[in-house]
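Report on the following structure.
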Amino acid sequence: MTSNAASAPTGADLLQVNDLKVHFPVPGGGRVHAVDGVSFVVRRGASFGIVGESGSGKSTTAQGIMRLVPATAGQVVLRGADILGLRGDKLRQARRHIQMVFQDPFASLDPRRCAGDLVAEPLRLLEGLSRRQAAARLDALFAAVGLPAEARSLFPHQFSGGQRQRLCIARALATEPDIIVCDEAVSALDVAIQAQILNLLAKLQAERGLAYIFISHDLGVVQHLCDEVAVMYLGRIVEQAPTRTFFSAPRHPYSWSLISAAVPAGPARDALKARYLVRGEPPSPIDPPAGCRFAGRCPFAIERCRAEDPALLATGPGHYVACHRIGEIAAPDFDRAQAA
Amino acid sequence: MAPVLAVEDLTVTLTQPGGPVPVLERLSFSVEAGRTIALVGESGCGKSMTALAIMGLLPEGFARADGRIRLAGEDIAAARPARLRALRGSALSMIFQEPMTALNPVYTVGDQIAEALRLHQRLGRRAALERALAMLRAVQIPAAERRLHAYPHELSGGMRQRVMIAMALACRPKLLIADEPTTALDVTVQAQVFDLLKVLQDEMGTAIVLITHDLGAVADIADSVAVLYAGSCIEQGDTQSVMRAPQHPYTRGLMACTPHLRLGAAADAGSESLREIPGLVPPLGRRPAICAFADRCGRADATCLDKPQPALAESGPARAVACWHPETRAA
C-alpha cells in the first residue's frame with residue numbers, strides 16, 4: 001500500500017479549518033449565514049463527526065471545505081496549503097488528497113457511464129493517468145470496497161443502493177486521499193445495509209489511515225464511528241468534544257436536546273424529553289439575531305443570552321462549549337436514561 | 001374488541017411477461033381502535049405495497065390475487081372504486097414520507113385541509129376553513145390563522161408534515177396509515193411529530209398502521225409490530241415482547257445492526273464493529289421456495305435449505321414467528 005497517509009503518524013493534525021464562513025446573499029436583501037465562523041482540526045486517521053438539524057450548516061461546511069460553494073472567509077489548510085486559495089493545477093493536486101461521498105449515491109453517479117469509468121475518472125482527471133493505466137488500478141479498488149471485478153462493466157441502475165454507495169466510496173478512494181468527507185453517507189440506506197457500509201468505512205480507515213469528516217443527523221452512527229463530535233447550530237459549532245466525553249457528559253443545552261430526542265423510548269426518556277427537548281424548529285439563518293443563536297429555543301436562556309454572543313470556550317481536555325450558563329444548570333441524568 | 005383493520009391472507013402479485021410474480025404473500029395482521037401496529041423491514045420487503053393495497057392505490061400491474069382487507073368489517077379490497085373514493089380521506093387516510101411532494105404547491109394549506117371536509121362532510125367553504133383552522137391548531141402550528149393562507153413552500157419540513165397530519169385527520173378517520181412519516185425530518189422534530197400523533201390518536205381513537213425501518217420509532221409509538229421480509233410476515237407480536245426477545249434471526253439482525261446510543265458512564269466503552277446482515281433482500285421474481293432469509297441467515301441449516309418457506313406460527317402469548325429454528329433467548 002503506497003497510501004499517502006503512511007507518510008505521517010496517526011494523530012498529527014491533518015486538516016485545519018479556520019474561521020470558515022459561507023454566506024449567501026438573499027434576493028430582496030439580507031444574507032444567509034449558512035456557516036458563520038467554524039474552526040476545527042481533523043487528525044490523521046481520525047473521524048470527526050458533525051451533527052445538527054437541517055439548516056445548521058453542517059452540509060454547507062462540507063461543501064465549503066470541498067470548494068463546492070465559495071467560502072466567504074476563512075482557511076482550510078491541508079498539507080500546509082490553504083486549499084481555499086489554490087487554483088488550476090495546484091487545486092487539482094490538492095483534490096487528490098481530499099475526496100467526498102454524498103448522501104444519495106444514485107444522484108452522484110452519472111447514469112450513462114459504467115462503474116469502471118466512474119471509478120477511473122478521478123485517476124484520469126486528477127492524476128493524469130491514461131485510460132489503460134487507470135483501468136489497471138480498478139481491480140484493487142473494487143476489491144477494497146467489496147465489489148466483484150465484473151461489476152466494472154455495469155451501470156449505476158444495475159446496482160443496489162448499498163452497492164452504489166460502495167461504488168462512490170471506491171471512486172473517493174481512487175486517488176488515495178488522506179481524508180474523505182462523508183455527507184450523510186449512510187442516511188439513505190436501510191439499517192442492514194447501513195451497518196455494512198459503516199463497517200466498510202471503519203475497515204478502510206484501519207487499513208489506510210484515512211481520516212473522515214462524517215456528517216450525520218444520527219447520533220448513534222456518529223458515536224459508533226467518530227473520535228470527536230462537533231454540534232452545529234445555525235452556522236456555528238456550539239459544542240465540540242472527544243466522542244466519549246460528549247456522550248458521557250455533554251454540556252450544551254442544545255446537545256442535551258439532540259440526545260434526549262435520540263434516547264430509546266421509556267420512562268427515563270419521557271422525563272428527559274419533558275425537561276430538555278426543545279420545541280419548534282431552528283429560526284431562519286438569514287441575518288441571525290445578536291446574542292446566542294439558540295436563545296430563542298433554549299429552555300434555560302436568560303437576558304444575557306439574548307444580548308451577548310457566547311464564545312466557544314474550553315471546559316476540559318478537547319472539550320469546547322459556547323454557552324453563558326455552563327455549570328449553572330443541572331445536566332441531564334443520562335446514566336439513568338441508559339439504565340432504563 | 002373487533003379490529004378496525006383486519007388484513008387476512010393478503011396476496012398481491014405483479015403481472016410480468018412470464019406470469020404473475022408474488023409481491024405480498026399471505027399477509028395477515030390486524031389493529032384495534034386507538035392502537036398502533038408497526039410494519040418494519042428493509043426496502044423491497046413489501047411495507048409500502050401493503051399500505052397501497054389497503055388504500056386501494058396499487059400501481060398499475062399490481063393486483064390483489066387473494067385475501068381480504070376488512071375496514072370495520074367491510075371488505076374494502078373487494079369494494080368498488082366509488083366506495084373506495086368515499087372511504088379514502090374520511091374513514092381511511094394516509095400520510096406520506098415526503099410532505100412536499102404530497103402537498104399541492106398551488107393551493108394554500110387551508111384549502112387543502114378543507115377539501116376533504118367539503119367533499120366528505122359536505123361542509124361549505126367557510127365552515128370547512130374554520131375546521132381546517134381548528135386542525136392546524138390541533139397539530140400545534142404556531143400562528144395558525146396566518147398559516148391557513150400559506151402555500152406549502154412557505155413552510156418548513158416539520159410544518160409541512162404537521163399539515164399532512166392535519167389533512168389526514170380532518171375527517172377523524174378510523175384508520176391512519178403513516179408511511180415513514182418522520183424519515184425526512186430532524187430528530188428533534190421527529191419526536192414532536194410522534195408525540196402529536198399519540199395525542200391525536202388518544203383523542204380520536206384512530207388506529208394507526210406505521211410503516212418504518214426505524215426500530216427506535218417502533219419502540220416509541222407502536223403497540224404491536226409485524227416484521228416483513230420478502231413480502232411475507234416473518235415475525236409478529238406485542239412490541240415490548242418482540243423487542244425484548246426477537247425470535248426470528250432477521251428481526252434479531254435488524255436490531256443488532258443499528259448502533260445503539262450509549263450515554264453517561266456507558267459512553268466510556270469503546271465501540272465494537274456492528275453486526276451485519278450480509279447480502280440483500282431477494283428481488284421480486286427471484287424469491288426461493290425455501291425460507292427467503294436462509295441465504296443471509298447465520299442459523300440456516302439443512303432443514304432451512306430443504307423445507308419450503310416456514311409458515312407464520314404461534315410461538316408464545318400474542319407472538320408468532322416463521323422460522324424453523326426460532327431464537328428463544330432474550331436479545
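Residues in the C-alpha cells are named by chain (A, B, ... in the order shown) and by number from 1 within that chain; ligands are numbered from 1 in the order shown.
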Please, which residues of chain B lie no more than 9 Å from chain A when the count uses only C-alpha atoms, and can they be set out as an mmCIF file with N, CA and C atoms, in the first residue's frame?
```cif
data_model
loop_
_atom_site.group_PDB
_atom_site.id
_atom_site.type_symbol
_atom_site.label_atom_id
_atom_site.label_comp_id
_atom_site.auth_asym_id
_atom_site.auth_seq_id
_atom_site.Cartn_x
_atom_site.Cartn_y
_atom_site.Cartn_z
ATOM 1 N N GLY B 41 -39.099 -3.545 8.199
ATOM 2 C CA GLY B 41 -38.357 -4.378 7.250
ATOM 3 C C GLY B 41 -37.574 -3.482 6.312
ATOM 4 N N GLU B 42 -36.668 -4.079 5.542
ATOM 5 C CA GLU B 42 -35.862 -3.306 4.599
ATOM 6 C C GLU B 42 -36.690 -2.911 3.372
ATOM 7 N N SER B 43 -36.127 -2.021 2.545
ATOM 8 C CA SER B 43 -36.791 -1.696 1.278
ATOM 9 C C SER B 43 -36.936 -2.980 0.478
ATOM 10 N N SER B 156 -41.698 25.075 6.734
ATOM 11 C CA SER B 156 -40.553 24.179 6.907
ATOM 12 C C SER B 156 -41.022 22.727 6.776
ATOM 13 N N GLY B 158 -40.941 20.274 8.908
ATOM 14 C CA GLY B 158 -41.717 19.828 10.068
ATOM 15 C C GLY B 158 -43.144 20.364 10.014
ATOM 16 N N LEU B 185 -37.522 14.078 8.507
ATOM 17 C CA LEU B 185 -37.470 15.161 9.490
ATOM 18 C C LEU B 185 -36.285 15.020 10.446
ATOM 19 N N ASP B 186 -35.895 16.138 11.055
ATOM 20 C CA ASP B 186 -34.840 16.116 12.062
ATOM 21 C C ASP B 186 -35.291 15.378 13.312
ATOM 22 N N VAL B 187 -34.319 14.841 14.066
ATOM 23 C CA VAL B 187 -34.684 14.040 15.241
ATOM 24 C C VAL B 187 -35.539 14.793 16.247
ATOM 25 N N THR B 188 -35.215 16.066 16.482
ATOM 26 C CA THR B 188 -35.990 16.798 17.484
ATOM 27 C C THR B 188 -37.429 16.991 16.985
ATOM 28 N N VAL B 189 -37.570 17.198 15.667
ATOM 29 C CA VAL B 189 -38.897 17.376 15.087
ATOM 30 C C VAL B 189 -39.638 16.040 15.040
ATOM 31 N N GLN B 190 -38.893 14.968 14.756
ATOM 32 C CA GLN B 190 -39.470 13.613 14.770
ATOM 33 C C GLN B 190 -40.176 13.337 16.081
ATOM 34 N N ALA B 191 -39.467 13.616 17.161
ATOM 35 C CA ALA B 191 -40.020 13.339 18.488
ATOM 36 C C ALA B 191 -41.324 14.116 18.674
ATOM 37 N N GLN B 192 -41.344 15.361 18.193
ATOM 38 C CA GLN B 192 -42.556 16.173 18.345
ATOM 39 C C GLN B 192 -43.713 15.619 17.511
ATOM 40 N N HIS B 213 -38.618 1.864 8.908
ATOM 41 C CA HIS B 213 -37.467 0.970 9.027
ATOM 42 C C HIS B 213 -36.721 1.290 10.311
ATOM 43 N N ASP B 214 -37.281 2.233 11.095
ATOM 44 C CA ASP B 214 -36.598 2.746 12.272
ATOM 45 C C ASP B 214 -37.133 2.043 13.523
ATOM 46 N N GLY B 216 -36.261 2.406 16.493
ATOM 47 C CA GLY B 216 -36.453 3.348 17.581
ATOM 48 C C GLY B 216 -37.879 3.885 17.556
ATOM 49 N N ALA B 217 -38.365 4.197 16.356
ATOM 50 C CA ALA B 217 -39.725 4.708 16.210
ATOM 51 C C ALA B 217 -40.737 3.651 16.626
ATOM 52 N N ALA B 219 -40.369 1.255 18.909
ATOM 53 C CA ALA B 219 -40.400 1.176 20.365
ATOM 54 C C ALA B 219 -41.162 2.364 20.928
ATOM 55 N N ASP B 220 -41.068 3.479 20.232
ATOM 56 C CA ASP B 220 -41.625 4.721 20.696
ATOM 57 C C ASP B 220 -43.148 4.756 20.624
ATOM 58 N N ILE B 221 -43.698 4.239 19.546
ATOM 59 C CA ILE B 221 -45.106 4.561 19.270
ATOM 60 C C ILE B 221 -45.979 3.325 19.045
ATOM 61 N N GLY B 253 -31.250 -9.626 13.708
ATOM 62 C CA GLY B 253 -30.222 -8.966 12.908
ATOM 63 C C GLY B 253 -30.505 -7.480 12.750
ATOM 64 N N LEU B 254 -31.770 -7.130 12.479
ATOM 65 C CA LEU B 254 -32.142 -5.723 12.319
ATOM 66 C C LEU B 254 -31.822 -4.950 13.586
ATOM 67 N N MET B 255 -32.110 -5.564 14.744
ATOM 68 C CA MET B 255 -31.853 -4.869 15.999
ATOM 69 C C MET B 255 -30.364 -4.732 16.261
ATOM 70 N N CYS B 257 -27.909 -4.554 14.087
ATOM 71 C CA CYS B 257 -27.094 -3.768 13.166
ATOM 72 C C CYS B 257 -27.360 -2.270 13.286
ATOM 73 N N THR B 258 -28.205 -1.858 14.223
ATOM 74 C CA THR B 258 -28.412 -0.439 14.470
ATOM 75 C C THR B 258 -27.477 -0.013 15.597
ATOM 76 N N PRO B 259 -26.653 1.013 15.390
ATOM 77 C CA PRO B 259 -25.803 1.442 16.501
ATOM 78 C C PRO B 259 -26.659 2.029 17.628
ATOM 79 N N HIS B 260 -26.509 1.481 18.826
ATOM 80 C CA HIS B 260 -27.301 1.988 19.945
ATOM 81 C C HIS B 260 -26.529 3.062 20.686
ATOM 82 N N LEU B 261 -27.238 4.114 21.017
ATOM 83 C CA LEU B 261 -26.633 5.213 21.746
ATOM 84 C C LEU B 261 -26.217 4.725 23.129
ATOM 85 N N ARG B 262 -24.971 5.010 23.530
ATOM 86 C CA ARG B 262 -24.519 4.677 24.882
ATOM 87 C C ARG B 262 -24.225 5.980 25.602
ATOM 88 N N LEU B 263 -24.928 6.212 26.698
ATOM 89 C CA LEU B 263 -24.852 7.509 27.350
ATOM 90 C C LEU B 263 -24.282 7.389 28.755
ATOM 91 N N GLY B 264 -23.928 8.563 29.332
ATOM 92 C CA GLY B 264 -23.421 8.588 30.698
ATOM 93 C C GLY B 264 -22.196 7.693 30.805
ATOM 94 N N ALA B 265 -22.104 6.937 31.898
ATOM 95 C CA ALA B 265 -20.931 6.095 32.132
ATOM 96 C C ALA B 265 -20.761 5.066 31.010
ATOM 97 N N ALA B 266 -21.866 4.644 30.398
ATOM 98 C CA ALA B 266 -21.794 3.627 29.349
ATOM 99 C C ALA B 266 -21.067 4.133 28.105
ATOM 100 N N ALA B 267 -20.952 5.459 27.960
ATOM 101 C CA ALA B 267 -20.303 6.019 26.775
ATOM 102 C C ALA B 267 -18.810 5.761 26.792
ATOM 103 N N ASP B 268 -18.262 5.367 27.943
ATOM 104 C CA ASP B 268 -16.820 5.140 28.032
ATOM 105 C C ASP B 268 -16.377 3.861 27.351
ATOM 106 N N ALA B 269 -17.310 2.940 27.183
ATOM 107 C CA ALA B 269 -16.944 1.702 26.497
ATOM 108 C C ALA B 269 -16.653 2.016 25.034
ATOM 109 N N GLY B 270 -15.627 1.416 24.460
ATOM 110 C CA GLY B 270 -15.320 1.644 23.054
ATOM 111 C C GLY B 270 -16.363 0.968 22.179
ATOM 112 N N SER B 271 -16.466 1.402 20.915
ATOM 113 C CA SER B 271 -17.488 0.765 20.087
ATOM 114 C C SER B 271 -16.913 -0.452 19.374
ATOM 115 N N GLU B 272 -17.739 -1.456 19.249
ATOM 116 C CA GLU B 272 -17.333 -2.671 18.552
ATOM 117 C C GLU B 272 -17.829 -2.581 17.116
ATOM 118 N N SER B 273 -17.362 -3.510 16.291
ATOM 119 C CA SER B 273 -17.869 -3.454 14.926
ATOM 120 C C SER B 273 -19.334 -3.916 14.949
ATOM 121 N N LEU B 274 -20.112 -3.332 14.041
ATOM 122 C CA LEU B 274 -21.543 -3.605 14.018
ATOM 123 C C LEU B 274 -21.803 -4.993 13.454
ATOM 124 N N ARG B 275 -22.809 -5.666 14.016
ATOM 125 C CA ARG B 275 -23.261 -6.905 13.384
ATOM 126 C C ARG B 275 -23.871 -6.543 12.035
ATOM 127 N N GLU B 276 -23.571 -7.310 11.029
ATOM 128 C CA GLU B 276 -24.156 -7.041 9.715
ATOM 129 C C GLU B 276 -25.115 -8.151 9.357
ATOM 130 N N ILE B 277 -26.094 -7.829 8.524
ATOM 131 C CA ILE B 277 -26.822 -8.886 7.837
ATOM 132 C C ILE B 277 -26.209 -8.914 6.451
ATOM 133 N N PRO B 278 -25.484 -9.955 6.094
ATOM 134 C CA PRO B 278 -24.829 -9.941 4.786
ATOM 135 C C PRO B 278 -25.863 -10.009 3.667
ATOM 136 N N GLY B 279 -25.454 -9.612 2.486
ATOM 137 C CA GLY B 279 -26.312 -9.802 1.312
ATOM 138 C C GLY B 279 -27.484 -8.848 1.238
ATOM 139 N N LEU B 280 -28.457 -9.209 0.417
ATOM 140 C CA LEU B 280 -29.575 -8.337 0.082
ATOM 141 C C LEU B 280 -30.892 -9.101 0.140
#
```
Q.
Could you list, as a PyMOL selection string, every residue within 7 Å of range 222-226 of chain B, counting only C-alpha atoms and ignoring same-chain residues fewer than 5 positions away?
A. chain B and resi 35-40+233+235-239
Q. Using only C-alpha atoms, which of B:Glu25, B:Asp295, B:Glu32, B:Glu74 sits nearest Gly205 in chain B?
A. B:Glu32
Q: Might you pull out every residue within 12 Å of Ile165 in chain B, with only C-alpha atoms counted and same-chain residues fewer than 5 positions away left off, and present them as a PyMOL selection string?
A: chain B and resi 89+93-97+99+102-103+109+112-113+132+135-141+158-160+170-173+176-179+181-182+193-194+196-198+200-201
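Assigned to alpha helix (DSSP H) in range 271-301 of chain A, given DSSP computed from backbone atoms, are Ala271, Leu272, Lys273, Ala274, Arg275 and Tyr276 of chain A.
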10 Å contact set for Ala140 in chain A, only C-alpha atoms, chain neighbours under 4 positions out, as a PDB file with C-alpha atoms, in the first residue's frame:
```
ATOM      1  CA  ALA A 136      -5.069  -1.337 -14.035  1.00  0.00           C
ATOM      2  CA  ALA A 144     -11.261  -2.828  -1.356  1.00  0.00           C
ATOM      3  CA  VAL A 145     -14.949  -1.872  -1.217  1.00  0.00           C
ATOM      4  CA  GLY A 146     -16.241  -5.429  -1.594  1.00  0.00           C
ATOM      5  CA  LEU A 147     -17.479  -5.233  -5.189  1.00  0.00           C
ATOM      6  CA  ALA A 149     -14.362  -7.097 -10.501  1.00  0.00           C
ATOM      7  CA  ALA A 170     -14.296   3.307  -4.418  1.00  0.00           C
ATOM      8  CA  ALA A 174      -9.124   6.119  -6.147  1.00  0.00           C
TER       9      ALA A 174
END
```
Q. Which residues come within 12 Å of Ala107 in chain A, counting only C-alpha atoms, excluding same-chain residues fewer than 2 positions away, as a list in words?
A.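 Returned residues: Val101, Phe102, Gln103, Asp104, Pro105, Leu109, Asp110, Pro111, Pro156, His157, Gly161, Arg164, Gln165, Cys168 and Ala188 of chain A.
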Q: Determine which residues of range 158-283 of chain A receive a DSSP assignment of strand (DSSP E), computed from the backbone, and state them as a PyMOL selection string.
A: chain A and resi 179-183+211-215+228-233+236-242
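The gap separating CA of Phe300 in chain A from CA of Thr315 in chain A is 19.0 Å, in Å to one decimal.
Among B:Met164, B:Ala230, B:Val7, B:Val218, the residue with the shortest atom-to-atom distance to Arg286 in chain B, counting only C-alpha atoms, is B:Ala230.
Between Ile179 in chain A and the candidates A:Ser39, A:Gln205, A:Ser216, A:Gln75, the tightest atom-to-atom separation, counting only C-alpha atoms, involves A:Gln205.
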Q: Choose the residue, out of A:Val41, A:Ala241, A:Val35, A:Leu173, that has the smallest atom-to-atom separation from Ala12 in chain A; count only C-alpha atoms.
A: A:Val41
Q | Selection: 7 Å around range 59-63 of chain A, only C-alpha atoms, excl. self and same-chain fewer than 3 positions, as a list in words | A |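 The residues satisfying every condition are Ala34, Val35, Met66, Arg67, Leu68, Val69, Val181 and Asp183 of chain A.
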File dump, residues just selected, N, CA and C atoms, as an mmCIF file, in the first residue's frame:
```cif
data_model
loop_
_atom_site.group_PDB
_atom_site.id
_atom_site.type_symbol
_atom_site.label_atom_id
_atom_site.label_comp_id
_atom_site.auth_asym_id
_atom_site.auth_seq_id
_atom_site.Cartn_x
_atom_site.Cartn_y
_atom_site.Cartn_z
ATOM 1 N N ALA A 34 -24.947 30.749 6.449
ATOM 2 C CA ALA A 34 -25.056 29.289 6.489
ATOM 3 C C ALA A 34 -23.970 28.692 7.371
ATOM 4 N N VAL A 35 -22.748 29.180 7.184
ATOM 5 C CA VAL A 35 -21.638 28.787 8.066
ATOM 6 C C VAL A 35 -21.030 30.089 8.527
ATOM 7 N N MET A 66 -14.781 21.567 0.584
ATOM 8 C CA MET A 66 -14.509 20.941 -0.719
ATOM 9 C C MET A 66 -14.497 21.949 -1.867
ATOM 10 N N ARG A 67 -14.784 23.211 -1.559
ATOM 11 C CA ARG A 67 -14.906 24.265 -2.576
ATOM 12 C C ARG A 67 -16.036 23.985 -3.564
ATOM 13 N N LEU A 68 -17.071 23.342 -3.084
ATOM 14 C CA LEU A 68 -18.251 23.159 -3.927
ATOM 15 C C LEU A 68 -19.144 24.388 -3.833
ATOM 16 N N VAL A 69 -18.959 25.169 -2.751
ATOM 17 C CA VAL A 69 -19.556 26.505 -2.682
ATOM 18 C C VAL A 69 -18.409 27.439 -2.300
ATOM 19 N N VAL A 181 -14.647 13.274 3.028
ATOM 20 C CA VAL A 181 -15.765 13.959 3.660
ATOM 21 C C VAL A 181 -17.030 13.166 3.329
ATOM 22 N N ASP A 183 -20.921 13.115 3.620
ATOM 23 C CA ASP A 183 -22.080 13.937 3.963
ATOM 24 C C ASP A 183 -23.326 13.058 3.998
#
```
Q. Quick one: residues within 12 Å of Arg95 in chain A, only C-alpha atoms counted, chain neighbours fewer than 4 positions away excluded, as a PyMOL selection string?
A. chain A and resi 65-68+78-79+81-84+86-91+99-100+122-123+125-127+172-181
